[in-house]
>>> print(open('protein_39.cif').read())   # mmCIF, C-alpha atoms and all ligand atoms
data_run
#
loop_
_atom_site.group_PDB
_atom_site.id
_atom_site.type_symbol
_atom_site.label_atom_id
_atom_site.label_comp_id
_atom_site.auth_asym_id
_atom_site.auth_seq_id
_atom_site.Cartn_x
_atom_site.Cartn_y
_atom_site.Cartn_z
ATOM 1 C CA MET X 1 4.492 -60.409 20.874
ATOM 2 C CA PHE X 2 6.088 -57.767 23.115
ATOM 3 C CA ASP X 3 3.511 -56.084 25.362
ATOM 4 C CA ALA X 4 4.699 -52.751 26.799
ATOM 5 C CA SER X 5 1.988 -52.849 29.474
ATOM 6 C CA SER X 6 3.114 -56.237 30.811
ATOM 7 C CA SER X 7 3.879 -56.371 34.526
ATOM 8 C CA ASP X 8 6.494 -59.092 33.934
ATOM 9 C CA ALA X 9 9.662 -57.665 35.471
ATOM 10 C CA SER X 10 11.802 -59.239 32.753
ATOM 11 C CA SER X 11 10.200 -56.992 30.137
ATOM 12 C CA VAL X 12 10.716 -53.749 32.025
ATOM 13 C CA HIS X 13 13.421 -51.496 30.628
ATOM 14 C CA ARG X 14 15.560 -49.988 33.325
ATOM 15 C CA THR X 15 18.356 -47.516 33.207
ATOM 16 C CA ILE X 16 21.440 -49.322 34.394
ATOM 17 C CA HIS X 17 25.007 -48.237 34.685
ATOM 18 C CA ARG X 18 27.096 -50.931 33.089
ATOM 19 C CA LEU X 19 30.029 -50.519 35.472
ATOM 20 C CA ASP X 20 28.133 -50.185 38.751
ATOM 21 C CA GLY X 21 30.130 -51.596 41.661
ATOM 22 C CA LEU X 22 33.368 -51.804 39.688
ATOM 23 C CA VAL X 23 36.654 -50.021 40.341
ATOM 24 C CA ALA X 24 38.835 -48.761 37.486
ATOM 25 C CA VAL X 25 42.379 -47.430 37.234
ATOM 26 C CA VAL X 26 43.132 -45.237 34.221
ATOM 27 C CA THR X 27 46.796 -44.325 33.702
ATOM 28 C CA GLY X 28 47.893 -41.121 31.999
ATOM 29 C CA ALA X 29 44.540 -39.611 32.918
ATOM 30 C CA ALA X 30 45.545 -36.074 33.851
ATOM 31 C CA TYR X 31 44.715 -33.389 31.331
ATOM 32 C CA GLY X 32 47.436 -34.641 28.952
ATOM 33 C CA PRO X 33 49.460 -32.660 26.448
ATOM 34 C CA LYS X 34 47.968 -34.117 23.263
ATOM 35 C CA ALA X 35 44.566 -35.791 23.042
ATOM 36 C CA ALA X 36 44.070 -36.135 26.805
ATOM 37 C CA LEU X 37 42.268 -39.385 26.107
ATOM 38 C CA GLY X 38 42.842 -40.655 29.639
ATOM 39 C CA SER X 39 40.758 -37.924 31.264
ATOM 40 C CA VAL X 40 37.924 -38.549 28.772
ATOM 41 C CA PHE X 41 38.139 -42.284 29.497
ATOM 42 C CA ALA X 42 38.015 -41.672 33.256
ATOM 43 C CA ASP X 43 34.919 -39.529 32.770
ATOM 44 C CA ALA X 44 33.206 -42.186 30.611
ATOM 45 C CA LEU X 45 33.876 -44.972 33.130
ATOM 46 C CA CYS X 46 32.626 -42.762 35.983
ATOM 47 C CA ALA X 47 29.457 -41.964 34.038
ATOM 48 C CA GLU X 48 28.785 -45.717 33.799
ATOM 49 C CA GLY X 49 29.030 -46.083 37.574
ATOM 50 C CA ALA X 50 32.660 -47.113 38.052
ATOM 51 C CA ARG X 51 34.708 -45.672 40.883
ATOM 52 C CA VAL X 52 37.801 -44.361 39.176
ATOM 53 C CA VAL X 53 41.442 -43.902 40.129
ATOM 54 C CA VAL X 54 42.844 -41.126 37.953
ATOM 55 C CA ALA X 55 46.558 -41.911 37.745
ATOM 56 C CA ASP X 56 49.340 -39.870 36.203
ATOM 57 C CA ILE X 57 52.922 -38.764 36.709
ATOM 58 C CA VAL X 58 51.631 -35.184 36.814
ATOM 59 C CA ASP X 59 48.900 -33.862 39.102
ATOM 60 C CA ALA X 60 45.589 -35.473 38.125
ATOM 61 C CA GLU X 61 43.576 -33.953 40.979
ATOM 62 C CA PRO X 62 41.833 -31.437 38.643
ATOM 63 C CA VAL X 63 40.401 -34.384 36.678
ATOM 64 C CA ALA X 64 39.329 -36.278 39.813
ATOM 65 C CA ALA X 65 37.765 -33.114 41.256
ATOM 66 C CA ALA X 66 35.823 -32.527 38.031
ATOM 67 C CA LEU X 67 34.500 -36.092 38.138
ATOM 68 C CA ARG X 68 33.405 -35.711 41.777
ATOM 69 C CA ALA X 69 31.732 -32.379 40.947
ATOM 70 C CA ARG X 70 29.663 -34.277 38.382
ATOM 71 C CA GLY X 71 28.538 -36.818 40.976
ATOM 72 C CA GLY X 72 31.155 -39.477 40.296
ATOM 73 C CA GLN X 73 33.501 -41.219 42.719
ATOM 74 C CA ALA X 74 37.129 -40.583 41.856
ATOM 75 C CA ILE X 75 40.533 -40.071 43.425
ATOM 76 C CA ALA X 76 43.793 -38.898 41.895
ATOM 77 C CA VAL X 77 47.017 -40.824 42.471
ATOM 78 C CA ARG X 78 50.484 -39.852 41.338
ATOM 79 C CA VAL X 79 52.304 -42.722 39.679
ATOM 80 C CA ASP X 80 55.312 -43.292 37.503
ATOM 81 C CA VAL X 81 54.252 -46.319 35.482
ATOM 82 C CA THR X 82 57.892 -47.148 34.686
ATOM 83 C CA ASP X 83 58.611 -47.758 38.379
ATOM 84 C CA GLU X 84 57.440 -51.047 39.890
ATOM 85 C CA ALA X 85 57.166 -49.780 43.474
ATOM 86 C CA SER X 86 55.183 -46.746 42.331
ATOM 87 C CA VAL X 87 52.779 -48.942 40.346
ATOM 88 C CA GLU X 88 52.316 -51.360 43.239
ATOM 89 C CA ALA X 89 51.529 -48.370 45.490
ATOM 90 C CA LEU X 90 48.925 -47.212 42.927
ATOM 91 C CA ALA X 91 47.159 -50.586 42.970
ATOM 92 C CA ALA X 92 47.266 -50.666 46.768
ATOM 93 C CA LYS X 93 45.763 -47.155 46.954
ATOM 94 C CA ALA X 94 42.953 -48.177 44.597
ATOM 95 C CA GLU X 95 42.080 -51.079 46.899
ATOM 96 C CA GLU X 96 42.444 -48.963 50.026
ATOM 97 C CA ALA X 97 40.100 -46.276 48.655
ATOM 98 C CA PHE X 98 37.506 -48.440 46.921
ATOM 99 C CA GLY X 99 38.000 -52.003 48.210
ATOM 100 C CA ARG X 100 38.760 -53.771 44.929
ATOM 101 C CA LEU X 101 40.231 -53.453 41.454
ATOM 102 C CA ASP X 102 38.352 -54.666 38.379
ATOM 103 C CA ILE X 103 39.424 -52.559 35.392
ATOM 104 C CA LEU X 104 42.808 -51.308 34.209
ATOM 105 C CA VAL X 105 43.158 -48.930 31.271
ATOM 106 C CA ASN X 106 46.810 -48.752 30.185
ATOM 107 C CA ASN X 107 46.742 -45.332 28.520
ATOM 108 C CA ALA X 108 49.899 -43.527 29.717
ATOM 109 C CA VAL X 109 52.358 -42.666 26.977
ATOM 110 C CA VAL X 110 55.196 -40.467 25.907
ATOM 111 C CA GLY X 111 55.988 -40.111 22.262
ATOM 112 C CA SER X 112 52.562 -39.690 20.689
ATOM 113 C CA ASN X 113 53.162 -35.960 20.319
ATOM 114 C CA ILE X 114 56.833 -35.683 19.406
ATOM 115 C CA PRO X 115 57.956 -34.615 15.934
ATOM 116 C CA PRO X 116 58.956 -37.264 13.387
ATOM 117 C CA VAL X 117 62.575 -38.468 13.793
ATOM 118 C CA PRO X 118 64.442 -40.442 11.089
ATOM 119 C CA ILE X 119 66.366 -43.495 12.314
ATOM 120 C CA GLY X 120 69.744 -41.771 12.088
ATOM 121 C CA ALA X 121 68.620 -39.076 14.501
ATOM 122 C CA LEU X 122 66.652 -41.284 16.881
ATOM 123 C CA ASP X 123 68.711 -41.576 20.005
ATOM 124 C CA VAL X 124 68.691 -44.480 22.408
ATOM 125 C CA ALA X 125 67.432 -42.407 25.314
ATOM 126 C CA ALA X 126 64.290 -41.416 23.389
ATOM 127 C CA TRP X 127 63.743 -45.042 22.316
ATOM 128 C CA ASP X 128 64.131 -46.259 25.909
ATOM 129 C CA GLN X 129 61.759 -43.659 27.329
ATOM 130 C CA VAL X 130 58.978 -44.430 24.864
ATOM 131 C CA MET X 131 59.389 -48.163 25.515
ATOM 132 C CA ALA X 132 59.581 -47.694 29.277
ATOM 133 C CA VAL X 133 56.388 -45.675 29.623
ATOM 134 C CA GLY X 134 54.321 -47.474 26.985
ATOM 135 C CA LEU X 135 55.422 -51.085 27.190
ATOM 136 C CA ARG X 136 57.126 -51.589 30.554
ATOM 137 C CA GLY X 137 54.462 -49.378 32.140
ATOM 138 C CA SER X 138 51.623 -51.486 30.713
ATOM 139 C CA PHE X 139 53.369 -54.679 31.853
ATOM 140 C CA LEU X 140 53.941 -53.352 35.382
ATOM 141 C CA CYS X 141 50.364 -52.103 35.742
ATOM 142 C CA ALA X 142 49.011 -55.459 34.546
ATOM 143 C CA LYS X 143 51.381 -57.250 36.942
ATOM 144 C CA ALA X 144 50.041 -55.240 39.898
ATOM 145 C CA ALA X 145 46.387 -55.453 38.824
ATOM 146 C CA ALA X 146 46.168 -59.132 37.819
ATOM 147 C CA PRO X 147 46.346 -60.768 41.277
ATOM 148 C CA ARG X 148 43.767 -58.289 42.604
ATOM 149 C CA MET X 149 41.405 -59.031 39.704
ATOM 150 C CA ALA X 150 42.031 -62.754 40.061
ATOM 151 C CA ARG X 151 40.761 -62.636 43.662
ATOM 152 C CA ASN X 152 37.331 -61.714 42.222
ATOM 153 C CA GLY X 153 37.620 -64.150 39.313
ATOM 154 C CA TRP X 154 37.005 -61.357 36.820
ATOM 155 C CA GLY X 155 38.801 -58.353 35.401
ATOM 156 C CA LYS X 156 39.304 -56.211 32.316
ATOM 157 C CA ILE X 157 42.560 -54.848 30.997
ATOM 158 C CA VAL X 158 42.417 -52.449 28.042
ATOM 159 C CA ASN X 159 45.730 -51.494 26.446
ATOM 160 C CA LEU X 160 45.710 -48.435 24.209
ATOM 161 C CA GLY X 161 46.952 -49.292 20.735
ATOM 162 C CA SER X 162 47.617 -47.402 17.553
ATOM 163 C CA THR X 163 46.987 -48.097 13.888
ATOM 164 C CA THR X 164 50.481 -46.708 13.238
ATOM 165 C CA MET X 165 51.589 -50.218 14.212
ATOM 166 C CA GLN X 166 49.711 -51.708 11.232
ATOM 167 C CA ASP X 167 50.523 -48.817 8.910
ATOM 168 C CA GLY X 168 54.245 -48.972 9.646
ATOM 169 C CA LEU X 169 54.307 -45.207 10.036
ATOM 170 C CA PRO X 170 57.888 -44.099 9.280
ATOM 171 C CA ASN X 171 60.070 -41.782 11.374
ATOM 172 C CA ARG X 172 58.529 -42.867 14.669
ATOM 173 C CA LEU X 173 60.259 -46.214 15.098
ATOM 174 C CA HIS X 174 60.164 -46.099 18.878
ATOM 175 C CA TYR X 175 56.458 -45.281 19.149
ATOM 176 C CA VAL X 176 55.361 -47.685 16.398
ATOM 177 C CA SER X 177 57.520 -50.522 17.770
ATOM 178 C CA MET X 178 56.179 -49.888 21.271
ATOM 179 C CA LYS X 179 52.610 -50.181 19.968
ATOM 180 C CA GLY X 180 53.538 -53.445 18.228
ATOM 181 C CA GLY X 181 54.749 -54.682 21.590
ATOM 182 C CA ILE X 182 51.481 -53.576 23.158
ATOM 183 C CA GLN X 183 49.478 -55.894 20.899
ATOM 184 C CA ALA X 184 51.865 -58.781 21.615
ATOM 185 C CA LEU X 185 51.401 -58.067 25.334
ATOM 186 C CA THR X 186 47.629 -58.116 24.852
ATOM 187 C CA ARG X 187 47.716 -61.499 23.103
ATOM 188 C CA ALA X 188 50.024 -63.167 25.602
ATOM 189 C CA LEU X 189 48.304 -61.680 28.662
ATOM 190 C CA ALA X 190 44.894 -62.737 27.335
ATOM 191 C CA ARG X 191 46.045 -66.370 27.257
ATOM 192 C CA GLU X 192 47.946 -66.184 30.533
ATOM 193 C CA LEU X 193 45.244 -64.449 32.564
ATOM 194 C CA GLY X 194 42.155 -65.867 30.828
ATOM 195 C CA PRO X 195 41.884 -68.872 33.151
ATOM 196 C CA GLN X 196 41.552 -66.380 36.034
ATOM 197 C CA GLY X 197 38.629 -64.620 34.341
ATOM 198 C CA ILE X 198 40.672 -61.629 33.199
ATOM 199 C CA ARG X 199 40.011 -60.314 29.697
ATOM 200 C CA VAL X 200 42.716 -58.323 27.901
ATOM 201 C CA ASN X 201 42.174 -56.308 24.733
ATOM 202 C CA THR X 202 43.787 -53.521 22.729
ATOM 203 C CA LEU X 203 41.680 -50.487 21.859
ATOM 204 C CA ALA X 204 43.365 -48.823 18.895
ATOM 205 C CA THR X 205 42.758 -45.746 16.856
ATOM 206 C CA GLY X 206 44.492 -43.426 14.407
ATOM 207 C CA LEU X 207 45.113 -39.736 14.768
ATOM 208 C CA VAL X 208 42.700 -38.321 17.341
ATOM 209 C CA ALA X 209 41.548 -34.786 16.787
ATOM 210 C CA ASN X 210 41.580 -32.667 19.869
ATOM 211 C CA PRO X 211 41.980 -29.040 18.775
ATOM 212 C CA ALA X 212 41.965 -28.104 22.456
ATOM 213 C CA ALA X 213 45.426 -29.667 22.574
ATOM 214 C CA GLY X 214 46.664 -26.811 20.428
ATOM 215 C CA ALA X 215 49.876 -26.956 18.436
ATOM 216 C CA ALA X 216 50.323 -30.727 18.638
ATOM 217 C CA PHE X 217 47.159 -31.155 16.643
ATOM 218 C CA THR X 218 47.041 -28.113 14.406
ATOM 219 C CA ALA X 219 50.694 -27.921 13.337
ATOM 220 C CA LYS X 220 50.011 -29.895 10.156
ATOM 221 C CA PRO X 221 46.452 -29.068 9.083
ATOM 222 C CA GLU X 222 47.023 -30.461 5.579
ATOM 223 C CA LEU X 223 48.120 -33.836 7.024
ATOM 224 C CA VAL X 224 45.116 -33.903 9.333
ATOM 225 C CA ALA X 225 42.839 -33.147 6.362
ATOM 226 C CA ALA X 226 44.438 -35.933 4.272
ATOM 227 C CA ILE X 227 43.975 -38.487 7.056
ATOM 228 C CA ARG X 228 40.367 -37.390 7.479
ATOM 229 C CA ALA X 229 39.679 -37.680 3.728
ATOM 230 C CA ASP X 230 41.108 -41.229 3.579
ATOM 231 C CA ARG X 231 38.726 -42.554 6.195
ATOM 232 C CA ALA X 232 35.684 -44.591 5.166
ATOM 233 C CA ILE X 233 33.759 -42.098 7.256
ATOM 234 C CA PRO X 234 35.624 -38.935 6.265
ATOM 235 C CA GLU X 235 35.529 -37.215 9.638
ATOM 236 C CA ASP X 236 37.907 -36.498 12.480
ATOM 237 C CA VAL X 237 38.141 -39.090 15.263
ATOM 238 C CA THR X 238 37.540 -37.357 18.588
ATOM 239 C CA PRO X 239 38.168 -38.640 22.114
ATOM 240 C CA ALA X 240 34.394 -39.070 22.532
ATOM 241 C CA ASP X 241 34.389 -41.525 19.609
ATOM 242 C CA LEU X 242 36.430 -43.948 21.713
ATOM 243 C CA THR X 243 34.365 -43.966 24.879
ATOM 244 C CA GLY X 244 31.646 -46.349 23.631
ATOM 245 C CA PRO X 245 34.179 -49.005 22.589
ATOM 246 C CA LEU X 246 36.106 -48.469 25.844
ATOM 247 C CA VAL X 247 33.033 -48.935 28.058
ATOM 248 C CA PHE X 248 32.123 -52.032 26.034
ATOM 249 C CA LEU X 249 35.579 -53.523 26.584
ATOM 250 C CA CYS X 250 35.404 -52.739 30.315
ATOM 251 C CA SER X 251 31.928 -54.175 30.845
ATOM 252 C CA ARG X 252 30.452 -57.667 31.001
ATOM 253 C CA ASP X 253 29.045 -57.046 27.502
ATOM 254 C CA SER X 254 32.475 -57.980 26.122
ATOM 255 C CA ASP X 255 33.152 -61.034 28.295
ATOM 256 C CA ALA X 256 33.612 -63.229 25.191
ATOM 257 C CA VAL X 257 36.130 -60.789 23.699
ATOM 258 C CA THR X 258 39.765 -61.223 24.670
ATOM 259 C CA GLY X 259 43.161 -60.904 23.008
ATOM 260 C CA GLN X 260 41.684 -58.673 20.320
ATOM 261 C CA PHE X 261 42.848 -55.556 18.475
ATOM 262 C CA ILE X 262 39.709 -53.438 18.323
ATOM 263 C CA VAL X 263 40.030 -50.460 15.983
ATOM 264 C CA ALA X 264 37.796 -47.421 16.383
ATOM 265 C CA ASP X 265 39.062 -45.001 13.748
ATOM 266 C CA LYS X 266 36.145 -44.398 11.348
ATOM 267 C CA GLY X 267 37.705 -46.756 8.814
ATOM 268 C CA GLY X 268 41.267 -45.517 8.440
ATOM 269 C CA PHE X 269 42.819 -46.100 5.023
ATOM 270 C CA PHE X 270 45.355 -48.707 6.117
ATOM 271 C CA THR X 271 43.154 -50.651 8.492
HETATM 272 N N1 LIG O 301 46.345 -38.949 20.360
HETATM 273 C C1 LIG O 301 46.287 -39.772 19.330
HETATM 274 O O1 LIG O 301 46.124 -39.369 18.151
HETATM 275 C C2 LIG O 301 46.386 -41.273 19.580
HETATM 276 C C3 LIG O 301 46.184 -42.144 18.518
HETATM 277 C C4 LIG O 301 46.275 -43.525 18.732
HETATM 278 C C5 LIG O 301 46.562 -43.997 20.012
HETATM 279 N N2 LIG O 301 46.762 -43.121 21.021
HETATM 280 C C6 LIG O 301 47.091 -43.674 22.333
HETATM 281 O O2 LIG O 301 46.154 -43.202 23.297
HETATM 282 C C7 LIG O 301 46.801 -43.034 24.559
HETATM 283 C C8 LIG O 301 46.608 -41.602 25.053
HETATM 284 O O3 LIG O 301 47.145 -40.722 24.092
HETATM 285 P P1 LIG O 301 47.043 -39.142 24.274
HETATM 286 O O4 LIG O 301 47.295 -38.544 22.947
HETATM 287 O O5 LIG O 301 45.778 -38.818 25.041
HETATM 288 O O6 LIG O 301 48.314 -38.880 25.196
HETATM 289 P P2 LIG O 301 48.742 -37.545 25.985
HETATM 290 O O7 LIG O 301 50.158 -37.320 25.593
HETATM 291 O O8 LIG O 301 47.728 -36.455 25.818
HETATM 292 O O9 LIG O 301 48.674 -38.015 27.511
HETATM 293 C C9 LIG O 301 49.551 -38.994 28.014
HETATM 294 C C10 LIG O 301 49.521 -38.946 29.533
HETATM 295 O O10 LIG O 301 50.453 -39.926 30.043
HETATM 296 C C11 LIG O 301 51.099 -39.339 31.169
HETATM 297 N N3 LIG O 301 52.388 -39.978 31.440
HETATM 298 C C12 LIG O 301 53.561 -39.824 30.773
HETATM 299 N N4 LIG O 301 54.542 -40.520 31.367
HETATM 300 C C13 LIG O 301 53.982 -41.134 32.442
HETATM 301 C C14 LIG O 301 54.495 -41.992 33.454
HETATM 302 N N5 LIG O 301 55.804 -42.368 33.487
HETATM 303 N N6 LIG O 301 53.648 -42.444 34.411
HETATM 304 C C15 LIG O 301 52.344 -42.072 34.398
HETATM 305 N N7 LIG O 301 51.794 -41.258 33.460
HETATM 306 C C16 LIG O 301 52.619 -40.797 32.493
HETATM 307 C C17 LIG O 301 51.273 -37.864 30.783
HETATM 308 O O11 LIG O 301 51.505 -37.056 31.914
HETATM 309 C C18 LIG O 301 49.940 -37.580 30.089
HETATM 310 O O12 LIG O 301 48.972 -37.087 30.991
HETATM 311 C C19 LIG O 301 48.256 -43.408 24.343
HETATM 312 O O13 LIG O 301 48.490 -44.740 24.702
HETATM 313 C C20 LIG O 301 48.447 -43.205 22.846
HETATM 314 O O14 LIG O 301 49.508 -43.942 22.325
HETATM 315 C C21 LIG O 301 46.679 -41.770 20.838
#
>>> encode(input="protein_39.cif", output="structure tokens", more="lines below")
Ligand SMILES: NC(=O)c1ccc[n+]([C@@H]2O[C@H](COP(=O)([O-])OP(=O)(O)OC[C@H]3O[C@@H](n4cnc5c(N)ncnc54)[C@H](O)[C@@H]3O)[C@@H](O)[C@H]2O)c1
Amino acid sequence: MFDASSSDASSVHRTIHRLDGLVAVVTGAAYGPKAALGSVFADALCAEGARVVVADIVDAEPVAAALRARGGQAIAVRVDVTDEASVEALAAKAEEAFGRLDILVNNAVVGSNIPPVPIGALDVAAWDQVMAVGLRGSFLCAKAAAPRMARNGWGKIVNLGSTTMQDGLPNRLHYVSMKGGIQALTRALARELGPQGIRVNTLATGLVANPAAGAAFTAKPELVAAIRADRAIPEDVTPADLTGPLVFLCSRDSDAVTGQFIVADKGGFFT
């Protein structure tokens, strides 16, 4: 029987930070235009002890400064995830600042907050941009991170996914197709990098409610209400709802989990 007064060290509960000693790169982690999930993810990883590189094409220093003000270790790095040299420089800066690279969160995106476009009006430039940031960007970041993780025999890559890929959400062919590609990337990378100790998973959700994002979220309150009502747990999904699953996927707790599509959306209707 468990004895709380036991002096056996193995029975003593201690507060531990699950990501102590680890270094994480989160892309798209400035205060973004829609849900700003990246900045919330950076904060959650920092709170668990990770040293965090807050990466974005726009200035992410306000996020890094906020993390440092809360006692975390964080730097901001400008990166264009579509550009291989820029991504390689990001990975090099992470190593230069913190000595290693263990966790990559592929979060950067364009296209999650653009209005619906029917196929006839969807131009090639918009398609290419969504693919370049979401899919090429995730590939390039994984390409730069993998050899650094492999040196330690362990690493975690989390690709942000979307249930729109399963739903087949119409009028967003570029975004939905890109997210389909993300899950294919997750599967193939999990097999390719697994022998080097690198785990790769997709963390997916549905519409995330962040009223602070303003018009992008509130423009269609009736749609938001319908999505909420269809969920098994009929509530909004907030950025904070995703941090527990993210930390799990970045920590040793999930070392047996790889190649998976993990959905945290309060039981969306189509999933
Ligand atoms: N918001 C949602 O409802 C929702 C739902 C499901 C999945 N997701 C996924 O979660 C992730 C974050 O979504 P969000 O709504 O927080 O996005 P967001 O639009 O708020 O932020 C995206 C960030 O990516 C950055 N970015 C754009 N192009 C870049 C580039 N070339 N290089 C580097 N950074 C670049 C932007 O500057 C921005 O800070 C995305 O992968 C998205 O597809 C979001």
>>> residues_near_ligand(input="protein_39.cif", ligand="ligand LIG 301 (chain O)", cutoff="8 Å", atoms="all atoms listed in the file", output="PDB file with C-alpha atoms, in the coordinates of the input")
ATOM      1  CA  THR X  27      46.796 -44.325  33.702  1.00  0.00           C
ATOM      2  CA  GLY X  28      47.893 -41.121  31.999  1.00  0.00           C
ATOM      3  CA  ALA X  29      44.540 -39.611  32.918  1.00  0.00           C
ATOM      4  CA  ALA X  30      45.545 -36.074  33.851  1.00  0.00           C
ATOM      5  CA  TYR X  31      44.715 -33.389  31.331  1.00  0.00           C
ATOM      6  CA  GLY X  32      47.436 -34.641  28.952  1.00  0.00           C
ATOM      7  CA  PRO X  33      49.460 -32.660  26.448  1.00  0.00           C
ATOM      8  CA  LYS X  34      47.968 -34.117  23.263  1.00  0.00           C
ATOM      9  CA  ALA X  35      44.566 -35.791  23.042  1.00  0.00           C
ATOM     10  CA  ALA X  36      44.070 -36.135  26.805  1.00  0.00           C
ATOM     11  CA  LEU X  37      42.268 -39.385  26.107  1.00  0.00           C
ATOM     12  CA  GLY X  38      42.842 -40.655  29.639  1.00  0.00           C
ATOM     13  CA  ALA X  55      46.558 -41.911  37.745  1.00  0.00           C
ATOM     14  CA  ASP X  56      49.340 -39.870  36.203  1.00  0.00           C
ATOM     15  CA  ILE X  57      52.922 -38.764  36.709  1.00  0.00           C
ATOM     16  CA  VAL X  58      51.631 -35.184  36.814  1.00  0.00           C
ATOM     17  CA  ARG X  78      50.484 -39.852  41.338  1.00  0.00           C
ATOM     18  CA  VAL X  79      52.304 -42.722  39.679  1.00  0.00           C
ATOM     19  CA  ASP X  80      55.312 -43.292  37.503  1.00  0.00           C
ATOM     20  CA  VAL X  81      54.252 -46.319  35.482  1.00  0.00           C
ATOM     21  CA  THR X  82      57.892 -47.148  34.686  1.00  0.00           C
ATOM     22  CA  ASP X  83      58.611 -47.758  38.379  1.00  0.00           C
ATOM     23  CA  ASN X 106      46.810 -48.752  30.185  1.00  0.00           C
ATOM     24  CA  ASN X 107      46.742 -45.332  28.520  1.00  0.00           C
ATOM     25  CA  ALA X 108      49.899 -43.527  29.717  1.00  0.00           C
ATOM     26  CA  VAL X 109      52.358 -42.666  26.977  1.00  0.00           C
ATOM     27  CA  VAL X 110      55.196 -40.467  25.907  1.00  0.00           C
ATOM     28  CA  GLY X 111      55.988 -40.111  22.262  1.00  0.00           C
ATOM     29  CA  SER X 112      52.562 -39.690  20.689  1.00  0.00           C
ATOM     30  CA  ASN X 113      53.162 -35.960  20.319  1.00  0.00           C
ATOM     31  CA  ALA X 132      59.581 -47.694  29.277  1.00  0.00           C
ATOM     32  CA  VAL X 133      56.388 -45.675  29.623  1.00  0.00           C
ATOM     33  CA  GLY X 134      54.321 -47.474  26.985  1.00  0.00           C
ATOM     34  CA  GLY X 137      54.462 -49.378  32.140  1.00  0.00           C
ATOM     35  CA  ASN X 159      45.730 -51.494  26.446  1.00  0.00           C
ATOM     36  CA  LEU X 160      45.710 -48.435  24.209  1.00  0.00           C
ATOM     37  CA  GLY X 161      46.952 -49.292  20.735  1.00  0.00           C
ATOM     38  CA  SER X 162      47.617 -47.402  17.553  1.00  0.00           C
ATOM     39  CA  THR X 163      46.987 -48.097  13.888  1.00  0.00           C
ATOM     40  CA  THR X 164      50.481 -46.708  13.238  1.00  0.00           C
ATOM     41  CA  TYR X 175      56.458 -45.281  19.149  1.00  0.00           C
ATOM     42  CA  LYS X 179      52.610 -50.181  19.968  1.00  0.00           C
ATOM     43  CA  ALA X 204      43.365 -48.823  18.895  1.00  0.00           C
ATOM     44  CA  THR X 205      42.758 -45.746  16.856  1.00  0.00           C
ATOM     45  CA  GLY X 206      44.492 -43.426  14.407  1.00  0.00           C
ATOM     46  CA  LEU X 207      45.113 -39.736  14.768  1.00  0.00           C
ATOM     47  CA  VAL X 208      42.700 -38.321  17.341  1.00  0.00           C
ATOM     48  CA  ALA X 209      41.548 -34.786  16.787  1.00  0.00           C
ATOM     49  CA  ASN X 210      41.580 -32.667  19.869  1.00  0.00           C
ATOM     50  CA  ALA X 213      45.426 -29.667  22.574  1.00  0.00           C
TER      51      ALA X 213
END
>>> residues_around(input="protein_39.cif", residues="stretch 224-232 of chain X", least_positions_apart="4", cutoff="7 Å", atoms="all atoms listed in the file", output="PyMOL selection string")
chain X and resi 220+236+266-269
>>> atom_distance(input="protein_39.cif", atom1="atom CA of X:Phe41", atom2="atom CA of X:Val63")
10.9 Å
>>> closest_residue(input="protein_39.cif", among="X:Thr238, X:Ile262, X:Ile114, X:Ala256", to="X:Gln183", atoms="only C-alpha atoms")
X:Ile262
>>> atom_distance(input="protein_39.cif", atom1="atom CA of X:Ile182", atom2="atom CA of X:Val52")
23.0 Å
>>> resolve_selection(input="protein_39.cif", expression="the PyMOL selection byres (((chain X and resi 20-26) around 6) and not hetatm)", output="CSV table (one decimal) with C-alpha atoms, in the frame of the given file")
chain,number,residue,atom,x,y,z
X,17,HIS,CA,25.0,-48.2,34.7
X,18,ARG,CA,27.1,-50.9,33.1
X,19,LEU,CA,30.0,-50.5,35.5
X,27,THR,CA,46.8,-44.3,33.7
X,29,ALA,CA,44.5,-39.6,32.9
X,49,GLY,CA,29.0,-46.1,37.6
X,50,ALA,CA,32.7,-47.1,38.1
X,51,ARG,CA,34.7,-45.7,40.9
X,52,VAL,CA,37.8,-44.4,39.2
X,53,VAL,CA,41.4,-43.9,40.1
X,54,VAL,CA,42.8,-41.1,38.0
X,55,ALA,CA,46.6,-41.9,37.7
X,101,LEU,CA,40.2,-53.5,41.5
X,102,ASP,CA,38.4,-54.7,38.4
X,103,ILE,CA,39.4,-52.6,35.4
X,104,LEU,CA,42.8,-51.3,34.2
X,105,VAL,CA,43.2,-48.9,31.3
>>> closest_residue(input="protein_39.cif", among="X:Ala190, X:Ala94, X:Val40, X:Ala66", to="X:Val257", atoms="only C-alpha atoms")
X:Ala190
>>> resolve_selection(input="protein_39.cif", expression="the PyMOL selection byres (((chain X and resi 255) around 10) and not hetatm)", output="ChimeraX atom specification")
/X:154-156,197-200,248-254,256-258
>>> write_last_selection(input="protein_39.cif", atoms="C-alpha atoms", output="mmCIF file, in the coordinates of the input")
data_model
loop_
_atom_site.group_PDB
_atom_site.id
_atom_site.type_symbol
_atom_site.label_atom_id
_atom_site.label_comp_id
_atom_site.auth_asym_id
_atom_site.auth_seq_id
_atom_site.Cartn_x
_atom_site.Cartn_y
_atom_site.Cartn_z
ATOM 1 C CA TRP X 154 37.005 -61.357 36.820
ATOM 2 C CA GLY X 155 38.801 -58.353 35.401
ATOM 3 C CA LYS X 156 39.304 -56.211 32.316
ATOM 4 C CA GLY X 197 38.629 -64.620 34.341
ATOM 5 C CA ILE X 198 40.672 -61.629 33.199
ATOM 6 C CA ARG X 199 40.011 -60.314 29.697
ATOM 7 C CA VAL X 200 42.716 -58.323 27.901
ATOM 8 C CA PHE X 248 32.123 -52.032 26.034
ATOM 9 C CA LEU X 249 35.579 -53.523 26.584
ATOM 10 C CA CYS X 250 35.404 -52.739 30.315
ATOM 11 C CA SER X 251 31.928 -54.175 30.845
ATOM 12 C CA ARG X 252 30.452 -57.667 31.001
ATOM 13 C CA ASP X 253 29.045 -57.046 27.502
ATOM 14 C CA SER X 254 32.475 -57.980 26.122
ATOM 15 C CA ALA X 256 33.612 -63.229 25.191
ATOM 16 C CA VAL X 257 36.130 -60.789 23.699
ATOM 17 C CA THR X 258 39.765 -61.223 24.670
#
